[in-house]
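Participant: Here you go, this is upload29.txt (compact mmCIF, N, CA and C atoms).
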```
# COMPACT_ATOMS: atom_id res chain seq x y z
N MET K 332 -71.27 -22.92 -107.12
CA MET K 332 -70.47 -22.23 -106.13
C MET K 332 -71.15 -22.38 -104.77
N PRO K 333 -70.47 -22.93 -103.79
CA PRO K 333 -71.07 -23.03 -102.45
C PRO K 333 -71.20 -21.66 -101.80
N LYS K 334 -72.02 -21.62 -100.79
CA LYS K 334 -72.20 -20.38 -100.03
C LYS K 334 -70.85 -19.97 -99.43
N GLN K 335 -70.53 -18.68 -99.54
CA GLN K 335 -69.28 -18.18 -98.98
C GLN K 335 -69.57 -16.98 -98.08
N GLN K 336 -68.82 -16.90 -97.01
CA GLN K 336 -68.92 -15.77 -96.10
C GLN K 336 -68.12 -14.60 -96.67
N ILE K 337 -68.69 -13.40 -96.59
CA ILE K 337 -68.00 -12.19 -97.01
C ILE K 337 -67.41 -11.55 -95.76
N LEU K 338 -66.10 -11.33 -95.79
CA LEU K 338 -65.40 -10.70 -94.68
C LEU K 338 -64.83 -9.37 -95.15
N SER K 339 -64.86 -8.37 -94.30
CA SER K 339 -64.30 -7.07 -94.61
C SER K 339 -63.54 -6.57 -93.40
N LYS K 340 -62.38 -6.03 -93.64
CA LYS K 340 -61.61 -5.43 -92.56
C LYS K 340 -62.30 -4.19 -92.01
N ARG K 341 -63.30 -3.68 -92.73
CA ARG K 341 -64.04 -2.50 -92.28
C ARG K 341 -65.23 -2.85 -91.42
N LEU K 342 -65.44 -4.14 -91.15
CA LEU K 342 -66.54 -4.59 -90.30
C LEU K 342 -66.00 -5.35 -89.10
N PRO K 343 -66.66 -5.26 -87.94
CA PRO K 343 -66.22 -6.05 -86.79
C PRO K 343 -66.58 -7.52 -86.99
N LYS K 344 -65.92 -8.37 -86.24
CA LYS K 344 -66.26 -9.80 -86.27
C LYS K 344 -67.72 -9.96 -85.82
N PRO K 345 -68.50 -10.86 -86.47
CA PRO K 345 -69.89 -11.07 -86.03
C PRO K 345 -69.94 -11.44 -84.54
N SER K 346 -70.95 -10.93 -83.86
CA SER K 346 -71.07 -11.15 -82.41
C SER K 346 -71.75 -12.47 -82.07
N GLY K 347 -72.25 -13.17 -83.05
CA GLY K 347 -72.90 -14.47 -82.85
C GLY K 347 -72.57 -15.38 -84.01
N HIS K 348 -73.34 -16.44 -84.16
CA HIS K 348 -73.11 -17.40 -85.23
C HIS K 348 -73.87 -16.97 -86.47
N PHE K 349 -73.29 -16.06 -87.23
CA PHE K 349 -73.87 -15.58 -88.48
C PHE K 349 -72.78 -14.90 -89.29
N SER K 350 -73.09 -14.64 -90.54
CA SER K 350 -72.20 -13.90 -91.42
C SER K 350 -72.79 -12.52 -91.65
N HIS K 351 -71.95 -11.51 -91.76
CA HIS K 351 -72.46 -10.18 -92.13
C HIS K 351 -73.06 -10.23 -93.52
N ALA K 352 -72.46 -11.02 -94.40
CA ALA K 352 -72.97 -11.19 -95.75
C ALA K 352 -72.53 -12.56 -96.26
N THR K 353 -73.34 -13.12 -97.14
CA THR K 353 -72.97 -14.36 -97.82
C THR K 353 -73.17 -14.16 -99.31
N ILE K 354 -72.42 -14.91 -100.08
CA ILE K 354 -72.56 -14.87 -101.53
C ILE K 354 -72.74 -16.30 -102.02
N ILE K 355 -73.62 -16.44 -103.00
CA ILE K 355 -73.87 -17.74 -103.59
C ILE K 355 -74.26 -17.52 -105.03
N GLU K 356 -73.86 -18.41 -105.90
CA GLU K 356 -74.25 -18.31 -107.31
C GLU K 356 -75.76 -18.32 -107.39
N ALA K 357 -76.34 -17.41 -108.16
CA ALA K 357 -77.79 -17.23 -108.20
C ALA K 357 -78.51 -18.25 -109.07
N ARG K 358 -77.80 -19.09 -109.78
CA ARG K 358 -78.48 -20.13 -110.56
C ARG K 358 -79.05 -21.15 -109.60
N GLY K 359 -80.24 -21.59 -109.88
CA GLY K 359 -80.87 -22.58 -109.02
C GLY K 359 -82.25 -22.12 -108.64
N ARG K 360 -82.76 -22.70 -107.57
CA ARG K 360 -84.10 -22.38 -107.11
C ARG K 360 -84.00 -21.63 -105.79
N LEU K 361 -84.78 -20.56 -105.67
CA LEU K 361 -84.86 -19.83 -104.41
C LEU K 361 -86.01 -20.43 -103.60
N VAL K 362 -85.76 -20.65 -102.34
CA VAL K 362 -86.78 -21.18 -101.44
C VAL K 362 -86.99 -20.15 -100.34
N PHE K 363 -88.22 -19.66 -100.21
CA PHE K 363 -88.57 -18.68 -99.19
C PHE K 363 -89.36 -19.42 -98.11
N ILE K 364 -88.79 -19.53 -96.93
CA ILE K 364 -89.40 -20.28 -95.84
C ILE K 364 -90.05 -19.30 -94.87
N SER K 365 -91.33 -19.47 -94.68
CA SER K 365 -92.09 -18.60 -93.77
C SER K 365 -91.56 -18.71 -92.35
N GLY K 366 -91.96 -17.77 -91.52
CA GLY K 366 -91.55 -17.78 -90.13
C GLY K 366 -91.95 -19.08 -89.45
N MET K 367 -90.95 -19.75 -88.90
CA MET K 367 -91.18 -21.01 -88.18
C MET K 367 -91.15 -20.73 -86.69
N VAL K 368 -92.11 -21.32 -86.00
CA VAL K 368 -92.18 -21.22 -84.54
C VAL K 368 -91.93 -22.60 -83.96
N SER K 369 -92.07 -22.74 -82.66
CA SER K 369 -91.67 -23.98 -81.99
C SER K 369 -92.80 -25.02 -81.91
N LYS K 370 -93.63 -25.09 -82.93
CA LYS K 370 -94.64 -26.15 -82.99
C LYS K 370 -94.05 -27.38 -83.66
N ASN K 371 -94.34 -28.55 -83.09
CA ASN K 371 -93.91 -29.78 -83.72
C ASN K 371 -94.94 -30.20 -84.77
N ALA K 372 -94.73 -31.34 -85.41
CA ALA K 372 -95.62 -31.80 -86.49
C ALA K 372 -97.04 -32.03 -86.01
N ASP K 373 -97.23 -32.29 -84.72
CA ASP K 373 -98.57 -32.49 -84.16
C ASP K 373 -99.25 -31.17 -83.79
N GLY K 374 -98.54 -30.06 -83.97
CA GLY K 374 -99.11 -28.75 -83.64
C GLY K 374 -98.93 -28.34 -82.20
N LYS K 375 -98.17 -29.13 -81.44
CA LYS K 375 -97.92 -28.82 -80.03
C LYS K 375 -96.73 -27.87 -79.91
N ILE K 376 -96.84 -26.85 -79.06
CA ILE K 376 -95.73 -25.94 -78.81
C ILE K 376 -94.70 -26.67 -77.95
N VAL K 377 -93.48 -26.70 -78.44
CA VAL K 377 -92.37 -27.37 -77.75
C VAL K 377 -91.59 -26.34 -76.94
N GLY K 378 -91.20 -26.68 -75.75
CA GLY K 378 -90.29 -25.86 -74.97
C GLY K 378 -90.88 -24.58 -74.39
N ILE K 379 -92.11 -24.64 -73.94
CA ILE K 379 -92.72 -23.44 -73.36
C ILE K 379 -91.82 -22.94 -72.22
N GLY K 380 -91.42 -21.67 -72.31
CA GLY K 380 -90.57 -21.07 -71.28
C GLY K 380 -89.09 -21.35 -71.44
N ASN K 381 -88.68 -22.13 -72.45
CA ASN K 381 -87.28 -22.51 -72.63
C ASN K 381 -86.82 -22.12 -74.03
N VAL K 382 -86.05 -21.06 -74.14
CA VAL K 382 -85.66 -20.54 -75.46
C VAL K 382 -84.75 -21.51 -76.22
N GLU K 383 -83.91 -22.28 -75.52
CA GLU K 383 -83.06 -23.24 -76.22
C GLU K 383 -83.89 -24.35 -76.86
N GLU K 384 -84.85 -24.89 -76.12
CA GLU K 384 -85.72 -25.93 -76.68
C GLU K 384 -86.55 -25.38 -77.83
N GLN K 385 -87.04 -24.16 -77.68
CA GLN K 385 -87.82 -23.57 -78.76
C GLN K 385 -86.95 -23.31 -79.99
N THR K 386 -85.75 -22.82 -79.79
CA THR K 386 -84.85 -22.58 -80.92
C THR K 386 -84.53 -23.88 -81.63
N ARG K 387 -84.30 -24.94 -80.88
CA ARG K 387 -84.02 -26.25 -81.47
C ARG K 387 -85.21 -26.72 -82.33
N GLN K 388 -86.44 -26.55 -81.83
CA GLN K 388 -87.61 -26.96 -82.60
C GLN K 388 -87.76 -26.09 -83.86
N VAL K 389 -87.52 -24.79 -83.73
CA VAL K 389 -87.57 -23.90 -84.89
C VAL K 389 -86.56 -24.35 -85.94
N CYS K 390 -85.34 -24.67 -85.52
CA CYS K 390 -84.32 -25.14 -86.46
C CYS K 390 -84.72 -26.47 -87.09
N GLU K 391 -85.33 -27.35 -86.33
CA GLU K 391 -85.82 -28.61 -86.89
C GLU K 391 -86.90 -28.34 -87.94
N ASN K 392 -87.74 -27.34 -87.69
CA ASN K 392 -88.79 -27.00 -88.65
C ASN K 392 -88.19 -26.41 -89.93
N LEU K 393 -87.18 -25.55 -89.78
CA LEU K 393 -86.49 -25.02 -90.96
C LEU K 393 -85.85 -26.15 -91.76
N LYS K 394 -85.24 -27.07 -91.04
CA LYS K 394 -84.60 -28.23 -91.68
C LYS K 394 -85.63 -29.06 -92.44
N ALA K 395 -86.77 -29.31 -91.84
CA ALA K 395 -87.82 -30.09 -92.50
C ALA K 395 -88.31 -29.39 -93.77
N ALA K 396 -88.48 -28.08 -93.70
CA ALA K 396 -88.97 -27.33 -94.85
C ALA K 396 -87.98 -27.37 -96.01
N VAL K 397 -86.71 -27.13 -95.73
CA VAL K 397 -85.72 -27.10 -96.81
C VAL K 397 -85.44 -28.51 -97.34
N GLU K 398 -85.48 -29.52 -96.48
CA GLU K 398 -85.28 -30.89 -96.94
C GLU K 398 -86.43 -31.37 -97.81
N GLU K 399 -87.63 -30.87 -97.56
CA GLU K 399 -88.80 -31.27 -98.34
C GLU K 399 -88.63 -30.93 -99.83
N VAL K 400 -87.84 -29.90 -100.13
CA VAL K 400 -87.62 -29.51 -101.52
C VAL K 400 -86.23 -29.94 -102.02
N GLY K 401 -85.59 -30.86 -101.29
CA GLY K 401 -84.33 -31.42 -101.74
C GLY K 401 -83.08 -30.68 -101.29
N GLY K 402 -83.21 -29.76 -100.34
CA GLY K 402 -82.07 -29.01 -99.86
C GLY K 402 -81.62 -29.44 -98.47
N THR K 403 -80.67 -28.68 -97.95
CA THR K 403 -80.18 -28.90 -96.59
C THR K 403 -80.06 -27.54 -95.91
N LEU K 404 -79.78 -27.56 -94.63
CA LEU K 404 -79.56 -26.31 -93.91
C LEU K 404 -78.39 -25.53 -94.49
N GLU K 405 -77.44 -26.21 -95.12
CA GLU K 405 -76.31 -25.54 -95.75
C GLU K 405 -76.75 -24.64 -96.90
N ASP K 406 -77.92 -24.89 -97.46
CA ASP K 406 -78.44 -24.08 -98.57
C ASP K 406 -79.09 -22.79 -98.09
N ILE K 407 -79.34 -22.67 -96.79
CA ILE K 407 -79.95 -21.45 -96.25
C ILE K 407 -78.87 -20.37 -96.17
N CYS K 408 -79.13 -19.25 -96.85
CA CYS K 408 -78.13 -18.18 -96.87
C CYS K 408 -78.59 -16.93 -96.12
N ARG K 409 -79.85 -16.88 -95.69
CA ARG K 409 -80.33 -15.72 -94.92
C ARG K 409 -81.42 -16.16 -93.96
N VAL K 410 -81.37 -15.63 -92.74
CA VAL K 410 -82.44 -15.83 -91.76
C VAL K 410 -82.78 -14.49 -91.11
N ASP K 411 -84.05 -14.35 -90.77
CA ASP K 411 -84.51 -13.24 -89.96
C ASP K 411 -85.06 -13.85 -88.68
N VAL K 412 -84.58 -13.37 -87.55
CA VAL K 412 -84.90 -13.96 -86.26
C VAL K 412 -85.66 -12.94 -85.42
N TYR K 413 -86.81 -13.33 -84.95
CA TYR K 413 -87.64 -12.48 -84.10
C TYR K 413 -87.69 -13.10 -82.72
N VAL K 414 -87.32 -12.34 -81.71
CA VAL K 414 -87.26 -12.87 -80.34
C VAL K 414 -88.07 -11.98 -79.40
N ARG K 415 -88.54 -12.60 -78.34
CA ARG K 415 -89.26 -11.85 -77.31
C ARG K 415 -88.32 -11.17 -76.33
N ASN K 416 -87.07 -11.69 -76.23
CA ASN K 416 -86.12 -11.15 -75.26
C ASN K 416 -84.71 -11.25 -75.83
N MET K 417 -84.11 -10.12 -76.14
CA MET K 417 -82.77 -10.10 -76.71
C MET K 417 -81.72 -10.65 -75.74
N GLU K 418 -82.06 -10.74 -74.47
CA GLU K 418 -81.15 -11.33 -73.49
C GLU K 418 -80.87 -12.81 -73.80
N HIS K 419 -81.69 -13.42 -74.65
CA HIS K 419 -81.51 -14.82 -75.03
C HIS K 419 -80.52 -15.00 -76.18
N PHE K 420 -79.89 -13.93 -76.63
CA PHE K 420 -79.00 -13.95 -77.79
C PHE K 420 -77.99 -15.10 -77.73
N ASP K 421 -77.25 -15.22 -76.65
CA ASP K 421 -76.21 -16.25 -76.54
C ASP K 421 -76.79 -17.66 -76.57
N GLN K 422 -77.92 -17.87 -75.90
CA GLN K 422 -78.55 -19.19 -75.90
C GLN K 422 -79.03 -19.57 -77.30
N ILE K 423 -79.58 -18.61 -78.00
CA ILE K 423 -80.07 -18.86 -79.36
C ILE K 423 -78.91 -19.23 -80.28
N HIS K 424 -77.82 -18.48 -80.18
CA HIS K 424 -76.67 -18.75 -81.04
C HIS K 424 -75.97 -20.05 -80.68
N LYS K 425 -76.04 -20.45 -79.42
CA LYS K 425 -75.51 -21.75 -79.02
C LYS K 425 -76.22 -22.85 -79.80
N VAL K 426 -77.54 -22.78 -79.88
CA VAL K 426 -78.31 -23.78 -80.60
C VAL K 426 -78.08 -23.65 -82.11
N ARG K 427 -78.02 -22.45 -82.61
CA ARG K 427 -77.80 -22.26 -84.05
C ARG K 427 -76.51 -22.92 -84.50
N ARG K 428 -75.47 -22.90 -83.66
CA ARG K 428 -74.20 -23.55 -84.02
C ARG K 428 -74.37 -25.06 -84.21
N GLU K 429 -75.36 -25.65 -83.55
CA GLU K 429 -75.63 -27.08 -83.71
C GLU K 429 -76.23 -27.38 -85.09
N TYR K 430 -76.88 -26.41 -85.70
CA TYR K 430 -77.60 -26.63 -86.95
C TYR K 430 -76.92 -26.02 -88.17
N PHE K 431 -76.27 -24.89 -88.01
CA PHE K 431 -75.67 -24.19 -89.14
C PHE K 431 -74.15 -24.21 -88.99
N SER K 432 -73.49 -24.95 -89.89
CA SER K 432 -72.03 -24.93 -89.85
C SER K 432 -71.53 -23.65 -90.52
N ALA K 433 -70.28 -23.34 -90.28
CA ALA K 433 -69.70 -22.13 -90.88
C ALA K 433 -69.55 -22.34 -92.38
N PRO K 434 -69.79 -21.33 -93.18
CA PRO K 434 -70.20 -20.00 -92.76
C PRO K 434 -71.70 -19.96 -92.46
N GLY K 435 -72.04 -19.31 -91.37
CA GLY K 435 -73.45 -19.17 -91.02
C GLY K 435 -74.16 -18.28 -92.01
N PRO K 436 -75.48 -18.36 -92.04
CA PRO K 436 -76.23 -17.50 -92.96
C PRO K 436 -76.16 -16.04 -92.50
N ALA K 437 -76.36 -15.14 -93.45
CA ALA K 437 -76.54 -13.74 -93.09
C ALA K 437 -77.79 -13.68 -92.21
N SER K 438 -77.81 -12.76 -91.25
CA SER K 438 -78.87 -12.82 -90.24
C SER K 438 -79.19 -11.45 -89.67
N THR K 439 -80.46 -11.28 -89.37
CA THR K 439 -80.92 -10.13 -88.61
C THR K 439 -81.73 -10.66 -87.43
N MET K 440 -81.50 -10.11 -86.24
CA MET K 440 -82.28 -10.50 -85.06
C MET K 440 -82.87 -9.24 -84.45
N VAL K 441 -84.17 -9.28 -84.21
CA VAL K 441 -84.84 -8.15 -83.58
C VAL K 441 -85.73 -8.64 -82.45
N GLU K 442 -85.86 -7.82 -81.43
CA GLU K 442 -86.77 -8.11 -80.33
C GLU K 442 -88.13 -7.49 -80.64
N ILE K 443 -89.17 -8.28 -80.43
CA ILE K 443 -90.52 -7.79 -80.68
C ILE K 443 -91.38 -8.02 -79.44
N ASN K 444 -92.51 -7.32 -79.36
CA ASN K 444 -93.37 -7.42 -78.18
C ASN K 444 -94.33 -8.58 -78.22
N LYS K 445 -94.88 -8.87 -79.40
CA LYS K 445 -95.92 -9.90 -79.49
C LYS K 445 -95.66 -10.82 -80.65
N MET K 446 -96.11 -12.07 -80.48
CA MET K 446 -96.13 -13.06 -81.55
C MET K 446 -97.54 -13.62 -81.60
N THR K 447 -97.77 -14.58 -82.47
CA THR K 447 -99.13 -15.11 -82.61
C THR K 447 -99.58 -15.92 -81.40
N SER K 448 -98.65 -16.30 -80.55
CA SER K 448 -98.99 -16.95 -79.28
C SER K 448 -98.08 -16.37 -78.20
N PRO K 449 -98.60 -16.13 -77.00
CA PRO K 449 -97.74 -15.59 -75.94
C PRO K 449 -96.67 -16.59 -75.49
N GLU K 450 -96.81 -17.87 -75.84
CA GLU K 450 -95.81 -18.87 -75.46
C GLU K 450 -94.57 -18.86 -76.35
N TYR K 451 -94.68 -18.30 -77.55
CA TYR K 451 -93.53 -18.29 -78.46
C TYR K 451 -92.47 -17.32 -77.97
N LEU K 452 -91.23 -17.78 -77.96
CA LEU K 452 -90.09 -16.95 -77.59
C LEU K 452 -89.25 -16.57 -78.80
N ILE K 453 -89.42 -17.29 -79.93
CA ILE K 453 -88.59 -17.08 -81.10
C ILE K 453 -89.35 -17.52 -82.36
N GLU K 454 -89.06 -16.82 -83.45
CA GLU K 454 -89.57 -17.19 -84.77
C GLU K 454 -88.47 -16.87 -85.77
N ILE K 455 -88.26 -17.77 -86.73
CA ILE K 455 -87.22 -17.56 -87.74
C ILE K 455 -87.80 -17.84 -89.13
N ASN K 456 -87.57 -16.91 -90.07
CA ASN K 456 -87.85 -17.21 -91.47
C ASN K 456 -86.51 -17.31 -92.20
N ALA K 457 -86.52 -17.86 -93.42
CA ALA K 457 -85.26 -18.13 -94.10
C ALA K 457 -85.41 -18.04 -95.61
N ILE K 458 -84.26 -17.84 -96.25
CA ILE K 458 -84.14 -17.93 -97.71
C ILE K 458 -83.03 -18.92 -98.00
N ALA K 459 -83.33 -19.87 -98.87
CA ALA K 459 -82.33 -20.86 -99.29
C ALA K 459 -82.18 -20.78 -100.81
N VAL K 460 -81.00 -21.16 -101.29
CA VAL K 460 -80.75 -21.28 -102.72
C VAL K 460 -80.33 -22.72 -102.97
N LEU K 461 -81.15 -23.43 -103.78
CA LEU K 461 -80.86 -24.82 -104.12
C LEU K 461 -80.30 -24.90 -105.53
N PRO K 462 -79.26 -25.72 -105.71
CA PRO K 462 -78.68 -25.87 -107.07
C PRO K 462 -79.68 -26.53 -108.02
```
Could I get this structure in the form of structure tokens?

Facilitator:
Amino acid sequence: MPKQQILSKRLPKPSGHFSHATIIEARGRLVFISGMVSKNADGKIVGIGNVEEQTRQVCENLKAAVEEVGGTLEDICRVDVYVRNMEHFDQIHKVRREYFSAPGPASTMVEINKMTSPEYLIEINAIAVLP
């Protein structure tokens, strides 16, 4: 069963590119992806000061992690997003639309004060289910 978006008339339309809930058959392998930041494979921080560039690198890192175990971004059913500035919401979701087709994963986004580097603007962890 592919990932499906759960819609309820008792909930408002999502304000960004995400689903309030997703459902997927639980058979398969669960993949828990640690928080990804905007470091490239060489360990260099990409997009210092630019949330769109950082979000793109974070999504590329999520993609690399899930592909390494034979999955795709379509297998990601939940993400937790940590941002330094909630004002970047629209820019972040603009980039997410480039990586996650509908239905988007269930998602939580919170603004935090500190990350492991002052240059990081965003960090995302994920859960994927692989058949």

Participant: Applying 7 Å and only N, CA and C atoms, which residues near range 402-419 of chain K remain after dropping the ones on its own chain fewer than 4 positions away? List them as a PyMOL selection string.

Facilitator: chain K and resi 334+353+393-394+396-398+423-424+430-432+435-445+451-461

Participant: Deliver the residues from the most recent selection as a file, using N, CA and C atoms, as a CSV table (one decimal), keeping the file's coordinate frame.

Facilitator:
```csv
chain,number,residue,atom,x,y,z
K,334,LYS,N,-72.0,-21.6,-100.8
K,334,LYS,CA,-72.2,-20.4,-100.0
K,334,LYS,C,-70.8,-20.0,-99.4
K,353,THR,N,-73.3,-13.1,-97.1
K,353,THR,CA,-73.0,-14.4,-97.8
K,353,THR,C,-73.2,-14.2,-99.3
K,393,LEU,N,-87.2,-25.6,-89.8
K,393,LEU,CA,-86.5,-25.0,-91.0
K,393,LEU,C,-85.8,-26.2,-91.8
K,394,LYS,N,-85.2,-27.1,-91.0
K,394,LYS,CA,-84.6,-28.2,-91.7
K,394,LYS,C,-85.6,-29.1,-92.4
K,396,ALA,N,-88.5,-28.1,-93.7
K,396,ALA,CA,-89.0,-27.3,-94.8
K,396,ALA,C,-88.0,-27.4,-96.0
K,397,VAL,N,-86.7,-27.1,-95.7
K,397,VAL,CA,-85.7,-27.1,-96.8
K,397,VAL,C,-85.4,-28.5,-97.3
K,398,GLU,N,-85.5,-29.5,-96.5
K,398,GLU,CA,-85.3,-30.9,-96.9
K,398,GLU,C,-86.4,-31.4,-97.8
K,423,ILE,N,-79.6,-18.6,-78.0
K,423,ILE,CA,-80.1,-18.9,-79.4
K,423,ILE,C,-78.9,-19.2,-80.3
K,424,HIS,N,-77.8,-18.5,-80.2
K,424,HIS,CA,-76.7,-18.8,-81.0
K,424,HIS,C,-76.0,-20.0,-80.7
K,430,TYR,N,-76.9,-26.4,-85.7
K,430,TYR,CA,-77.6,-26.6,-87.0
K,430,TYR,C,-76.9,-26.0,-88.2
K,431,PHE,N,-76.3,-24.9,-88.0
K,431,PHE,CA,-75.7,-24.2,-89.1
K,431,PHE,C,-74.2,-24.2,-89.0
K,432,SER,N,-73.5,-25.0,-89.9
K,432,SER,CA,-72.0,-24.9,-89.8
K,432,SER,C,-71.5,-23.6,-90.5
K,435,GLY,N,-72.0,-19.3,-91.4
K,435,GLY,CA,-73.4,-19.2,-91.0
K,435,GLY,C,-74.2,-18.3,-92.0
K,436,PRO,N,-75.5,-18.4,-92.0
K,436,PRO,CA,-76.2,-17.5,-93.0
K,436,PRO,C,-76.2,-16.0,-92.5
K,437,ALA,N,-76.4,-15.1,-93.4
K,437,ALA,CA,-76.5,-13.7,-93.1
K,437,ALA,C,-77.8,-13.7,-92.2
K,438,SER,N,-77.8,-12.8,-91.2
K,438,SER,CA,-78.9,-12.8,-90.2
K,438,SER,C,-79.2,-11.4,-89.7
K,439,THR,N,-80.5,-11.3,-89.4
K,439,THR,CA,-80.9,-10.1,-88.6
K,439,THR,C,-81.7,-10.7,-87.4
K,440,MET,N,-81.5,-10.1,-86.2
K,440,MET,CA,-82.3,-10.5,-85.1
K,440,MET,C,-82.9,-9.2,-84.4
K,441,VAL,N,-84.2,-9.3,-84.2
K,441,VAL,CA,-84.8,-8.2,-83.6
K,441,VAL,C,-85.7,-8.6,-82.4
K,442,GLU,N,-85.9,-7.8,-81.4
K,442,GLU,CA,-86.8,-8.1,-80.3
K,442,GLU,C,-88.1,-7.5,-80.6
K,443,ILE,N,-89.2,-8.3,-80.4
K,443,ILE,CA,-90.5,-7.8,-80.7
K,443,ILE,C,-91.4,-8.0,-79.4
K,444,ASN,N,-92.5,-7.3,-79.4
K,444,ASN,CA,-93.4,-7.4,-78.2
K,444,ASN,C,-94.3,-8.6,-78.2
K,445,LYS,N,-94.9,-8.9,-79.4
K,445,LYS,CA,-95.9,-9.9,-79.5
K,445,LYS,C,-95.7,-10.8,-80.6
K,451,TYR,N,-94.7,-18.3,-77.6
K,451,TYR,CA,-93.5,-18.3,-78.5
K,451,TYR,C,-92.5,-17.3,-78.0
K,452,LEU,N,-91.2,-17.8,-78.0
K,452,LEU,CA,-90.1,-17.0,-77.6
K,452,LEU,C,-89.2,-16.6,-78.8
K,453,ILE,N,-89.4,-17.3,-79.9
K,453,ILE,CA,-88.6,-17.1,-81.1
K,453,ILE,C,-89.4,-17.5,-82.4
K,454,GLU,N,-89.1,-16.8,-83.4
K,454,GLU,CA,-89.6,-17.2,-84.8
K,454,GLU,C,-88.5,-16.9,-85.8
K,455,ILE,N,-88.3,-17.8,-86.7
K,455,ILE,CA,-87.2,-17.6,-87.7
K,455,ILE,C,-87.8,-17.8,-89.1
K,456,ASN,N,-87.6,-16.9,-90.1
K,456,ASN,CA,-87.8,-17.2,-91.5
K,456,ASN,C,-86.5,-17.3,-92.2
K,457,ALA,N,-86.5,-17.9,-93.4
K,457,ALA,CA,-85.3,-18.1,-94.1
K,457,ALA,C,-85.4,-18.0,-95.6
K,458,ILE,N,-84.3,-17.8,-96.2
K,458,ILE,CA,-84.1,-17.9,-97.7
K,458,ILE,C,-83.0,-18.9,-98.0
K,459,ALA,N,-83.3,-19.9,-98.9
K,459,ALA,CA,-82.3,-20.9,-99.3
K,459,ALA,C,-82.2,-20.8,-100.8
K,460,VAL,N,-81.0,-21.2,-101.3
K,460,VAL,CA,-80.8,-21.3,-102.7
K,460,VAL,C,-80.3,-22.7,-103.0
K,461,LEU,N,-81.2,-23.4,-103.8
K,461,LEU,CA,-80.9,-24.8,-104.1
K,461,LEU,C,-80.3,-24.9,-105.5
```

Participant: Run DSSP on the backbone of this structure and report the residues of range 337-441 of chain K it assigns to helix (DSSP H, G or I), as an MDAnalysis selection string.

Facilitator: chainID K and resid 382:399 404:406 417:430

Participant: Enter the distance from atom C of Val382 in chain K to atom N of Lys370 in chain K, in Å, rounded to one decimal.

Facilitator: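 Between atom C of Val382 in chain K and atom N of Lys370 in chain K the gap works out to 11.7 Å.
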
Participant: I'd like the interatomic distance between atom C of Ile376 in chain K and atom C of Glu450 in chain K, to a tenth of an Å.

Facilitator: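 Those two atoms sit 8.0 Å apart.
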
Participant: So, with all atoms listed in the file as the atoms that count, which of K:Val368, K:Leu342, K:Ile355, K:Val426 lies closest to Glu383 in chain K?

Facilitator: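 Among the listed residues, the smallest separation from Glu383 in chain K belongs to K:Val426.
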
Participant: Among chain K, which ones does DSSP assign to strand (DSSP E or B) (computed from the backbone)? Answer as JSON, numbers by chain.

Facilitator: {"K": [335, 336, 337, 350, 352, 353, 354, 360, 361, 362, 363, 364, 365, 366, 367, 370, 376, 407, 408, 409, 410, 411, 412, 413, 414, 437, 438, 439, 440, 441, 442, 453, 454, 455, 456, 457, 458, 459, 460, 461]}
